[in-house]
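See below for coords-v4.cif, which holds mmCIF, C-alpha atoms and all ligand atoms.
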data_my_file
loop_
_atom_site.label_atom_id
_atom_site.label_comp_id
_atom_site.auth_asym_id
_atom_site.auth_seq_id
_atom_site.Cartn_x
_atom_site.Cartn_y
_atom_site.Cartn_z
CA MET A 1 45.88 20.50 101.01
CA THR A 2 43.26 19.59 103.63
CA VAL A 3 39.89 21.19 103.05
CA VAL A 4 37.83 21.58 106.21
CA SER A 5 34.07 21.63 105.71
CA PRO A 6 32.31 23.95 108.15
CA LYS A 7 29.93 22.42 110.67
CA ILE A 8 26.40 23.83 110.44
CA LEU A 9 23.76 23.91 113.17
CA LEU A 10 20.31 24.29 111.59
CA LEU A 11 17.37 25.29 113.79
CA GLY A 12 13.78 24.81 112.58
CA LYS A 13 14.48 21.81 110.34
CA ASP A 14 10.79 21.28 109.56
CA SER A 15 9.90 24.87 108.64
CA GLN A 16 9.24 25.52 104.94
CA LEU A 17 12.75 26.88 104.72
CA GLY A 18 14.37 24.36 107.07
CA TRP A 19 13.11 21.51 104.93
CA GLU A 20 14.83 22.95 101.86
CA LEU A 21 17.97 23.94 103.76
CA ARG A 22 18.46 20.36 104.90
CA ARG A 23 18.98 19.58 101.21
CA SER A 24 21.02 22.62 100.12
CA LEU A 25 23.29 22.96 103.18
CA SER A 26 24.26 19.30 103.20
CA ALA A 27 26.57 20.12 100.27
CA ILE A 28 28.42 22.74 102.34
CA GLY A 29 29.39 20.77 105.42
CA PRO A 30 28.23 18.39 108.15
CA LEU A 31 24.74 19.40 109.22
CA ILE A 32 23.12 19.08 112.63
CA ALA A 33 19.42 19.69 112.08
CA CYS A 34 17.23 20.49 115.12
CA ASP A 35 13.52 20.79 115.64
CA ARG A 36 11.52 22.04 118.63
CA GLN A 37 12.24 18.80 120.52
CA SER A 38 16.02 19.22 120.42
CA ALA A 39 16.26 23.04 120.43
CA ASN A 40 13.22 24.84 121.77
CA LEU A 41 13.51 28.59 121.25
CA GLU A 42 11.52 29.10 124.45
CA ASN A 43 14.21 27.29 126.42
CA GLU A 44 17.18 29.63 126.70
CA ASP A 45 19.46 27.14 128.48
CA GLU A 46 18.78 24.43 125.89
CA LEU A 47 19.80 26.78 123.08
CA ARG A 48 23.06 27.69 124.78
CA VAL A 49 23.82 24.01 125.45
CA GLN A 50 23.18 23.04 121.82
CA VAL A 51 25.56 25.69 120.47
CA ARG A 52 28.26 25.01 123.07
CA HIS A 53 28.03 21.26 122.52
CA HIS A 54 28.23 21.35 118.71
CA GLN A 55 30.58 24.36 118.25
CA PRO A 56 29.35 25.04 114.69
CA SER A 57 30.93 27.46 112.23
CA PHE A 58 27.45 28.51 111.11
CA ILE A 59 24.23 28.69 113.11
CA VAL A 60 21.32 28.86 110.66
CA ASN A 61 18.04 29.80 112.31
CA THR A 62 14.77 29.33 110.45
CA ALA A 63 12.69 28.64 113.57
CA ALA A 64 10.38 31.53 114.33
CA TYR A 65 6.98 32.51 115.63
CA THR A 66 5.29 32.95 112.22
CA ALA A 67 1.56 33.03 113.06
CA VAL A 68 0.99 36.64 112.01
CA ASP A 69 -2.61 37.04 113.24
CA LYS A 70 -2.19 34.99 116.41
CA ALA A 71 0.84 37.09 117.38
CA GLU A 72 -1.51 40.01 118.08
CA THR A 73 -2.79 38.11 121.15
CA GLU A 74 0.41 36.16 121.94
CA GLN A 75 2.85 39.04 122.12
CA ALA A 76 5.06 37.64 124.88
CA LYS A 77 5.53 34.34 123.05
CA ALA A 78 6.25 36.06 119.73
CA TYR A 79 8.94 38.24 121.34
CA GLN A 80 10.40 35.31 123.29
CA ILE A 81 10.92 33.33 120.08
CA ASN A 82 11.62 36.11 117.59
CA GLU A 83 13.72 38.39 119.80
CA THR A 84 14.99 36.85 123.08
CA ALA A 85 15.99 33.49 121.57
CA VAL A 86 17.66 35.26 118.66
CA ARG A 87 19.69 37.43 121.06
CA ILE A 88 20.88 34.24 122.81
CA LEU A 89 21.91 32.68 119.51
CA ALA A 90 23.80 35.88 118.66
CA GLU A 91 25.58 35.87 122.04
CA GLU A 92 26.53 32.21 121.64
CA ALA A 93 27.71 32.79 118.06
CA SER A 94 29.83 35.70 119.25
CA ARG A 95 31.29 33.58 122.05
CA ILE A 96 32.60 30.89 119.66
CA GLY A 97 33.27 33.13 116.63
CA ALA A 98 30.51 31.51 114.53
CA TRP A 99 28.32 33.14 111.91
CA LEU A 100 24.63 33.55 112.72
CA VAL A 101 22.44 33.23 109.62
CA HIS A 102 18.94 34.41 110.47
CA TYR A 103 15.80 35.04 108.42
CA SER A 104 13.62 38.08 108.60
CA THR A 105 10.75 39.54 106.66
CA ASP A 106 9.30 42.33 104.55
CA TYR A 107 6.84 42.75 107.46
CA VAL A 108 9.46 44.89 109.23
CA PHE A 109 8.30 47.64 106.81
CA ASP A 110 4.98 49.50 106.74
CA GLY A 111 4.53 49.08 102.97
CA GLU A 112 3.97 52.80 102.35
CA LYS A 113 7.08 53.27 100.19
CA PRO A 114 6.15 53.54 96.49
CA SER A 115 9.23 51.56 95.36
CA PRO A 116 11.07 48.41 96.56
CA TYR A 117 12.61 48.63 100.04
CA THR A 118 16.40 48.63 100.37
CA GLU A 119 18.42 47.43 103.36
CA ASP A 120 18.94 51.10 104.33
CA ASP A 121 15.24 51.81 104.75
CA GLU A 122 14.14 52.24 108.33
CA PRO A 123 11.92 49.38 109.64
CA ARG A 124 8.44 50.53 110.67
CA PRO A 125 6.36 47.39 111.33
CA LEU A 126 2.55 47.44 111.32
CA ASN A 127 1.91 44.36 113.48
CA ILE A 128 3.31 42.38 116.42
CA TYR A 129 4.92 39.74 114.20
CA GLY A 130 6.79 42.48 112.28
CA LEU A 131 7.74 44.28 115.50
CA SER A 132 9.09 41.07 117.05
CA LYS A 133 11.08 40.21 113.90
CA ALA A 134 12.53 43.75 113.76
CA ALA A 135 13.47 43.39 117.45
CA GLY A 136 15.30 40.13 116.58
CA GLU A 137 17.25 41.90 113.85
CA ARG A 138 18.24 44.67 116.31
CA ALA A 139 19.29 42.09 118.91
CA ILE A 140 21.73 40.49 116.46
CA ARG A 141 23.19 43.83 115.46
CA ASP A 142 23.47 44.95 119.12
CA VAL A 143 25.39 41.80 120.06
CA GLY A 144 27.61 42.30 117.03
CA CYS A 145 28.36 38.70 116.02
CA LYS A 146 29.18 37.93 112.38
CA HIS A 147 25.77 37.66 110.77
CA LEU A 148 23.66 37.37 107.68
CA ILE A 149 20.13 38.63 108.27
CA ILE A 150 18.24 37.51 105.19
CA ARG A 151 14.91 39.27 104.68
CA SER A 152 12.49 37.54 102.36
CA GLY A 153 8.78 37.75 101.63
CA TRP A 154 5.81 35.84 100.18
CA LEU A 155 7.62 32.58 100.96
CA TYR A 156 6.15 29.25 99.92
CA SER A 157 7.06 25.63 99.37
CA ALA A 158 5.25 22.48 98.33
CA HIS A 159 5.29 21.37 102.00
CA GLY A 160 3.93 23.97 104.37
CA SER A 161 1.29 26.46 105.10
CA ASN A 162 1.36 29.21 102.48
CA PHE A 163 -0.63 31.25 99.94
CA PRO A 164 -0.35 29.06 96.81
CA ARG A 165 -1.34 25.89 98.70
CA ALA A 166 -4.27 27.72 100.32
CA ILE A 167 -5.44 29.05 96.93
CA LEU A 168 -5.31 25.62 95.32
CA ARG A 169 -7.17 24.01 98.21
CA ARG A 170 -9.88 26.69 98.12
CA ALA A 171 -10.19 26.43 94.33
CA ILE A 172 -10.77 22.69 94.69
CA GLU A 173 -13.53 23.26 97.28
CA ARG A 174 -15.30 26.37 95.94
CA ASP A 175 -16.37 27.62 92.53
CA GLN A 176 -15.19 31.21 93.03
CA LEU A 177 -12.57 33.05 95.07
CA GLU A 178 -11.93 36.61 96.22
CA VAL A 179 -8.28 37.65 96.40
CA VAL A 180 -6.61 40.90 97.51
CA SER A 181 -5.48 42.93 94.50
CA ASP A 182 -3.83 45.98 96.12
CA SER A 183 -0.78 44.32 97.79
CA PHE A 184 2.36 43.73 95.79
CA GLY A 185 5.40 41.50 96.21
CA ALA A 186 7.50 38.76 94.66
CA PRO A 187 6.44 35.17 95.43
CA THR A 188 9.62 33.44 96.60
CA SER A 189 10.15 29.73 96.85
CA ALA A 190 11.87 28.30 99.92
CA HIS A 191 13.86 26.21 97.44
CA LEU A 192 15.42 29.37 95.98
CA VAL A 193 16.12 30.93 99.40
CA ALA A 194 17.80 27.70 100.52
CA ASP A 195 19.96 27.48 97.39
CA VAL A 196 21.02 31.13 97.66
CA THR A 197 21.77 30.69 101.37
CA ALA A 198 24.04 27.75 100.51
CA ALA A 199 25.80 29.88 97.87
CA MET A 200 26.27 32.66 100.45
CA LEU A 201 27.75 30.27 103.02
CA GLY A 202 30.03 28.80 100.36
CA ARG A 203 31.31 32.27 99.55
CA LEU A 204 31.87 33.19 103.21
CA ASN A 205 33.77 29.96 103.65
CA ASP A 206 36.04 30.74 100.68
CA LEU A 207 36.90 34.33 101.57
CA ALA A 208 39.71 35.35 103.92
CA GLN A 209 38.02 38.67 104.84
CA SER A 210 34.47 37.30 104.98
CA GLU A 211 33.52 39.51 107.97
CA GLU A 212 33.16 42.39 105.54
CA LEU A 213 30.07 40.65 104.15
CA SER A 214 28.30 40.64 107.52
CA GLY A 215 24.95 42.47 107.34
CA ILE A 216 21.33 42.52 106.20
CA TYR A 217 20.37 41.29 102.73
CA HIS A 218 17.09 41.24 100.83
CA LEU A 219 16.37 37.96 99.04
CA THR A 220 13.29 37.44 96.88
CA SER A 221 12.62 36.22 93.36
CA SER A 222 12.81 38.84 90.60
CA GLY A 223 9.69 40.50 89.24
CA GLU A 224 6.54 41.41 91.11
CA THR A 225 2.81 40.73 91.17
CA SER A 226 -0.31 41.23 93.27
CA TRP A 227 -1.93 38.41 95.31
CA TYR A 228 -4.81 38.55 92.80
CA ASP A 229 -2.64 38.18 89.66
CA TYR A 230 -0.59 35.52 91.42
CA ALA A 231 -3.73 33.50 92.22
CA GLN A 232 -4.91 33.77 88.61
CA PHE A 233 -1.51 32.65 87.34
CA LEU A 234 -1.48 29.61 89.67
CA LEU A 235 -5.01 28.58 88.76
CA SER A 236 -4.44 28.77 85.01
CA LEU A 237 -1.36 26.54 85.44
CA ALA A 238 -3.34 24.21 87.70
CA GLN A 239 -6.12 23.92 85.13
CA ASN A 240 -3.59 23.15 82.37
CA ARG A 241 -2.05 20.45 84.56
CA GLY A 242 -5.45 18.84 85.13
CA LEU A 243 -5.74 19.55 88.87
CA PRO A 244 -9.37 19.12 89.98
CA ILE A 245 -10.21 22.80 90.58
CA LYS A 246 -13.74 24.19 90.53
CA ALA A 247 -12.64 27.87 90.50
CA ASN A 248 -10.50 28.55 87.44
CA ALA A 249 -8.59 31.81 86.80
CA LYS A 250 -11.76 33.52 85.46
CA ARG A 251 -13.56 32.76 88.72
CA VAL A 252 -11.11 34.82 90.84
CA PHE A 253 -12.40 38.26 91.82
CA PRO A 254 -10.32 41.19 93.13
CA VAL A 255 -10.96 42.71 96.57
CA THR A 256 -9.08 45.38 98.53
CA GLY A 257 -6.95 44.46 101.52
CA ALA A 258 -9.10 46.82 103.62
CA SER A 259 -12.23 44.77 102.84
CA TYR A 260 -10.52 41.53 103.86
CA ALA A 261 -10.97 41.05 107.61
CA ALA A 262 -7.52 39.93 108.86
CA VAL A 263 -6.63 40.41 112.54
CA ALA A 264 -3.16 41.88 111.86
CA VAL A 265 -2.58 44.75 109.42
CA ARG A 266 -0.26 43.78 106.54
CA PRO A 267 2.01 45.99 104.40
CA LYS A 268 0.71 46.72 100.87
CA ASN A 269 4.16 46.99 99.37
CA SER A 270 6.28 43.91 100.10
CA ARG A 271 8.73 44.52 97.28
CA LEU A 272 12.38 44.22 98.35
CA ASP A 273 15.34 45.57 96.39
CA THR A 274 17.81 42.67 96.04
CA SER A 275 20.66 44.47 94.28
CA LEU A 276 23.00 44.43 97.31
CA LEU A 277 22.78 40.64 97.60
CA ARG A 278 23.25 40.09 93.86
CA ARG A 279 26.24 42.45 93.76
CA ARG A 280 28.06 41.14 96.85
CA PHE A 281 27.38 37.42 96.48
CA HIS A 282 27.18 37.14 92.67
CA VAL A 283 23.89 35.25 92.72
CA HIS A 284 21.13 35.18 90.11
CA LEU A 285 17.54 35.55 91.28
CA PRO A 286 15.12 34.18 88.65
CA ASP A 287 11.68 35.61 87.89
CA TRP A 288 9.02 34.43 90.37
CA LYS A 289 7.06 32.63 87.61
CA ILE A 290 9.86 30.08 87.11
CA HIS A 291 9.54 28.62 90.61
CA ALA A 292 5.74 29.05 90.61
CA ARG A 293 5.56 26.76 87.54
CA ARG A 294 7.81 24.24 89.27
CA PHE A 295 5.61 24.39 92.36
CA ILE A 296 2.47 23.53 90.33
CA ASP A 297 4.36 20.71 88.58
CA GLU A 298 5.45 19.32 91.95
CA VAL A 299 1.91 19.51 93.37
CA ALA A 300 0.39 17.98 90.23
CA ARG A 301 2.86 15.07 90.20
CA SER A 302 2.70 14.23 93.87
CA ARG A 303 -0.82 15.47 94.76
CA LEU A 304 0.75 17.21 97.76
CA LEU A 305 -2.31 19.29 98.72
N1 LIG B 401 6.44 32.49 105.44
C1 LIG B 401 6.74 33.65 104.89
O1 LIG B 401 6.04 34.18 103.99
C2 LIG B 401 7.99 34.39 105.33
C3 LIG B 401 8.30 35.56 104.70
C4 LIG B 401 9.45 36.22 105.05
C5 LIG B 401 10.27 35.72 106.04
N2 LIG B 401 9.93 34.59 106.69
C6 LIG B 401 10.83 34.12 107.74
O2 LIG B 401 11.52 32.97 107.26
C7 LIG B 401 11.77 32.05 108.34
C8 LIG B 401 11.18 30.70 107.99
O3 LIG B 401 9.79 30.85 107.71
P1 LIG B 401 8.90 29.60 107.31
O4 LIG B 401 7.67 30.12 106.63
O5 LIG B 401 9.77 28.61 106.63
O6 LIG B 401 8.50 29.06 108.77
P2 LIG B 401 7.33 28.03 109.13
O7 LIG B 401 7.14 27.05 108.03
O8 LIG B 401 6.16 28.82 109.62
O9 LIG B 401 7.96 27.24 110.35
C9 LIG B 401 8.31 27.85 111.55
C10 LIG B 401 9.14 26.85 112.30
O10 LIG B 401 9.52 27.40 113.55
C11 LIG B 401 9.41 26.36 114.50
N3 LIG B 401 9.20 26.91 115.84
C12 LIG B 401 8.22 27.73 116.27
N4 LIG B 401 8.36 27.95 117.58
C13 LIG B 401 9.44 27.24 117.98
C14 LIG B 401 10.10 27.07 119.20
N5 LIG B 401 9.65 27.63 120.34
N6 LIG B 401 11.20 26.30 119.26
C15 LIG B 401 11.67 25.69 118.15
N7 LIG B 401 11.09 25.81 116.94
C16 LIG B 401 9.99 26.59 116.87
C17 LIG B 401 8.18 25.55 114.08
O11 LIG B 401 8.24 24.30 114.69
P3 LIG B 401 6.93 23.40 114.87
O12 LIG B 401 6.71 22.76 113.53
O13 LIG B 401 7.30 22.45 115.95
O14 LIG B 401 5.82 24.33 115.26
C18 LIG B 401 8.38 25.52 112.58
O15 LIG B 401 9.21 24.44 112.19
C19 LIG B 401 11.16 32.71 109.57
O16 LIG B 401 12.17 33.43 110.23
C20 LIG B 401 10.14 33.68 109.02
O17 LIG B 401 9.94 34.76 109.90
C21 LIG B 401 8.81 33.89 106.34
#

Output the file's structure in the form of structure tokens.
Ligand SMILES: NC(=O)c1ccc[n+]([C@@H]2O[C@H](COP(=O)([O-])OP(=O)(O)OC[C@H]3O[C@@H](n4cnc5c(N)ncnc54)[C@H](OP(=O)(O)O)[C@@H]3O)[C@@H](O)[C@H]2O)c1
Amino acid sequence: MTVVSPKILLLGKDSQLGWELRRSLSAIGPLIACDRQSANLENEDELRVQVRHHQPSFIVNTAAYTAVDKAETEQAKAYQINETAVRILAEEASRIGAWLVHYSTDYVFDGEKPSPYTEDDEPRPLNIYGLSKAAGERAIRDVGCKHLIIRSGWLYSAHGSNFPRAILRRAIERDQLEVVSDSFGAPTSAHLVADVTAAMLGRLNDLAQSEELSGIYHLTSSGETSWYDYAQFLLSLAQNRGLPIKANAKRVFPVTGASYAAVAVRPKNSRLDTSLLRRRFHVHLPDWKIHARRFIDEVARSRLL
């Protein structure tokens, strides 16, 4: 029997997630990995040409406008990248019968729900980034191509711009930190999201009726914490691993989100209910502390800060 490995077109190869997907997706099939130079999401023709030229079975898009505060003053650019380009990818996927795998965010919600958000909850974004990402989700669904829209939150990796790296850097420079204590979520490593994405693609590839799995899925680690407790956890691990921090866990002080002057309003509740994903794709989502420990180990070994 000949087994055909599906061709994968990955956009955003240097994003936190793209970096990890280059590793995890290479076990699924031949991978064409693009960055801004080869597939600019602000160049509609270039995107169409890339898809038509490569004819992939899966288009995996991690490229996005992710500067949450800057988006408030760069609305047109945020929508161009997070909505218009995504609609084009959906149209091209539909044209060749490919799957579009796209990432979205807890920021499509307003954070007012007292429990974790499910895929059935109505998006109600608080800021331009969230609005543009919700518009991208709608564009995919309007076009109607086969899709996985994977919403995650509190994403980090050892290579990229994210909360745990910022906390470690600040703790090395200063002897005390203030961290928001009234926002809750599940820190989620890009490594985990990449591995679960690969498992999802593997399953789609194996199933005859895979179209039935098309839809939105929530993907985060298990468990939950506040930014404040998360920072304390990271700094006590960092201290144990001998990282040169001046502010240890006892030198972190809680503040409210309202007192923290960010340009864009953020949701207080970023918790996502992942039961649909676990049920349909048979994946295990470990507690957030497991990958957080691995992250500190990786930073301590390689001094990646
Ligand atoms: N970070 C989070 O906490 C979080 C949470 C939930 C969901 N997400 C979603 O997960 C996905 C990946 O996030 P991430 O944090 O891994 O992203 P990231 O590290 O911020 O990287 C974004 C990537 O998009 C690329 N990009 C931006 N504009 C582009 C354009 N016009 N053309 C081509 N590429 C462009 C950037 O390329 P350059 O390097 O050239 O700028 C960069 O590689 C995104 O869809 C994001 O919305 C993120």

Report task. Extract, using all atoms listed in the file, all DNA, RNA and protein residues at most 7 Å from Ser157 in chain A, discarding same-chain residues fewer than 4 positions from it, and format them as an MDAnalysis selection string. Result -> chainID A and resid 16 189:190

Report task. Collect all residues with atoms no farther than 9 Å from ligand LIG 401 (chain B), counting all atoms listed in the file, and output them as JSON, numbers by chain. Result -> {"A": [11, 12, 13, 14, 15, 16, 17, 18, 19, 20, 34, 35, 36, 37, 38, 39, 40, 41, 42, 43, 61, 62, 63, 64, 65, 66, 67, 77, 78, 80, 81, 82, 85, 102, 103, 104, 105, 106, 107, 129, 130, 133, 150, 151, 152, 153, 154, 155, 156, 157, 159, 160, 161, 162, 163, 187, 188, 190]}

Atoms kept (C-alpha atoms) for selection, written as a tab-separated table (two decimals), in the coordinates of the input:
chain	number	residue	atom	x	y	z
A	11	LEU	CA	17.37	25.29	113.79
A	12	GLY	CA	13.78	24.81	112.58
A	13	LYS	CA	14.48	21.81	110.34
A	14	ASP	CA	10.79	21.28	109.56
A	15	SER	CA	9.90	24.87	108.64
A	16	GLN	CA	9.24	25.52	104.94
A	17	LEU	CA	12.75	26.88	104.72
A	18	GLY	CA	14.37	24.36	107.07
A	19	TRP	CA	13.11	21.51	104.93
A	20	GLU	CA	14.83	22.95	101.86
A	34	CYS	CA	17.23	20.49	115.12
A	35	ASP	CA	13.52	20.79	115.64
A	36	ARG	CA	11.52	22.04	118.63
A	37	GLN	CA	12.24	18.80	120.52
A	38	SER	CA	16.02	19.22	120.42
A	39	ALA	CA	16.26	23.04	120.43
A	40	ASN	CA	13.22	24.84	121.77
A	41	LEU	CA	13.51	28.59	121.25
A	42	GLU	CA	11.52	29.10	124.45
A	43	ASN	CA	14.21	27.29	126.42
A	61	ASN	CA	18.04	29.80	112.31
A	62	THR	CA	14.77	29.33	110.45
A	63	ALA	CA	12.69	28.64	113.57
A	64	ALA	CA	10.38	31.53	114.33
A	65	TYR	CA	6.98	32.51	115.63
A	66	THR	CA	5.29	32.95	112.22
A	67	ALA	CA	1.56	33.03	113.06
A	77	LYS	CA	5.53	34.34	123.05
A	78	ALA	CA	6.25	36.06	119.73
A	80	GLN	CA	10.40	35.31	123.29
A	81	ILE	CA	10.92	33.33	120.08
A	82	ASN	CA	11.62	36.11	117.59
A	85	ALA	CA	15.99	33.49	121.57
A	102	HIS	CA	18.94	34.41	110.47
A	103	TYR	CA	15.80	35.04	108.42
A	104	SER	CA	13.62	38.08	108.60
A	105	THR	CA	10.75	39.54	106.66
A	106	ASP	CA	9.30	42.33	104.55
A	107	TYR	CA	6.84	42.75	107.46
A	129	TYR	CA	4.92	39.74	114.20
A	130	GLY	CA	6.79	42.48	112.28
A	133	LYS	CA	11.08	40.21	113.90
A	150	ILE	CA	18.24	37.51	105.19
A	151	ARG	CA	14.91	39.27	104.68
A	152	SER	CA	12.49	37.54	102.36
A	153	GLY	CA	8.78	37.75	101.63
A	154	TRP	CA	5.81	35.84	100.18
A	155	LEU	CA	7.62	32.58	100.96
A	156	TYR	CA	6.15	29.25	99.92
A	157	SER	CA	7.06	25.63	99.37
A	159	HIS	CA	5.29	21.37	102.00
A	160	GLY	CA	3.93	23.97	104.37
A	161	SER	CA	1.29	26.46	105.10
A	162	ASN	CA	1.36	29.21	102.48
A	163	PHE	CA	-0.63	31.25	99.94
A	187	PRO	CA	6.44	35.17	95.43
A	188	THR	CA	9.62	33.44	96.60
A	190	ALA	CA	11.87	28.30	99.92

Report task. Give as a PyMOL selection string each residue that has an atom at most 12 Å from (0.4, 43.2, 95.8) in the file, counting all atoms listed in the file. Result -> chain A and resi 111+114+116+153-154+179-187+223-231+254-257+266-271

Query raised in the report: Which one of A:Ile32, A:Val51, A:Val101, A:Ala261 sits closest to Leu201 in chain A if you count only C-alpha atoms?
Result: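 When distances to Leu201 in chain A are compared using only C-alpha atoms, the smallest one comes from A:Val101.
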
Query raised in the report: Got a sec to check which residues sit within 12 Å of (18.2, 47.2, 118.2), counting all atoms listed in the file, and write them as a list of chain:residue names?
Result: A:Glu83, A:Thr84, A:Val86, A:Arg87, A:Glu122, A:Pro123, A:Leu131, A:Ser132, A:Lys133, A:Ala134, A:Ala135, A:Gly136, A:Glu137, A:Arg138, A:Ala139, A:Ile140, A:Arg141, A:Asp142, A:Val143, A:Gly144

**Report entry** For range 234-251 of chain A: contacts at 7 Å, only C-alpha atoms, fewer than 6 positions along chain excluded, given as number ranges by chain
**Finding:** A: 171-177, 296, 300

What does the file look like for those residues with C-alpha atoms, as a CSV table (one decimal), in the frame of the given file?
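Saved the output as out.csv:
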chain,number,residue,atom,x,y,z
A,171,ALA,CA,-10.2,26.4,94.3
A,172,ILE,CA,-10.8,22.7,94.7
A,173,GLU,CA,-13.5,23.3,97.3
A,174,ARG,CA,-15.3,26.4,95.9
A,175,ASP,CA,-16.4,27.6,92.5
A,176,GLN,CA,-15.2,31.2,93.0
A,177,LEU,CA,-12.6,33.0,95.1
A,296,ILE,CA,2.5,23.5,90.3
A,300,ALA,CA,0.4,18.0,90.2

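The space between CA of Gly29 in chain A and CA of Val4 in chain A spans 8.5 Å.
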
Report task. Would you work out the distance separating CA of Lys289 in chain A from CA of Gln232 in chain A, expressed in Å to one decimal? Result -> 12.1 Å

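Atom pair CA of Ser210 in chain A / CA of Arg95 in chain A: separated by 17.8 Å.
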
Report task. With a distance cut-off of 12 Å and all atoms listed in the file, select the neighbouring residues of Ser275 in chain A, excluding the residue or stretch itself and same-chain residues fewer than 6 positions from it, and output the selection as a list in words. Result ->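 Those residues are Pro116, Tyr117, Thr118, Glu119, Tyr217, His218, Leu219, Thr220, Ser221, Ser222, Phe281, His282, Val283, His284 and Leu285 of chain A.
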
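If all atoms listed in the file are the atoms counted, then among A:Cys145, A:Ile128, A:Val49, A:Leu207 the closest residue to Ser94 in chain A is A:Cys145.
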
Requested in this report: Find the residues around Ala27 in chain A up to 12 Å (all atoms listed in the file counted), leave out those fewer than 4 positions away in its own chain, and share them as a list in words.
Outcome: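 Surrounding residues, per the criterion: Ser5, Pro6, Lys7, Ile8, Leu21, Arg22, Arg23, Leu31, Ala194, Asp195, Thr197, Ala198, Ala199, Leu201 and Gly202 of chain A.
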
**Report entry** Distance criterion (only C-alpha atoms): nearest to Ala93 in chain A out of A:Phe253, A:Ser57, A:Phe295, A:Val265
**Finding:** A:Ser57
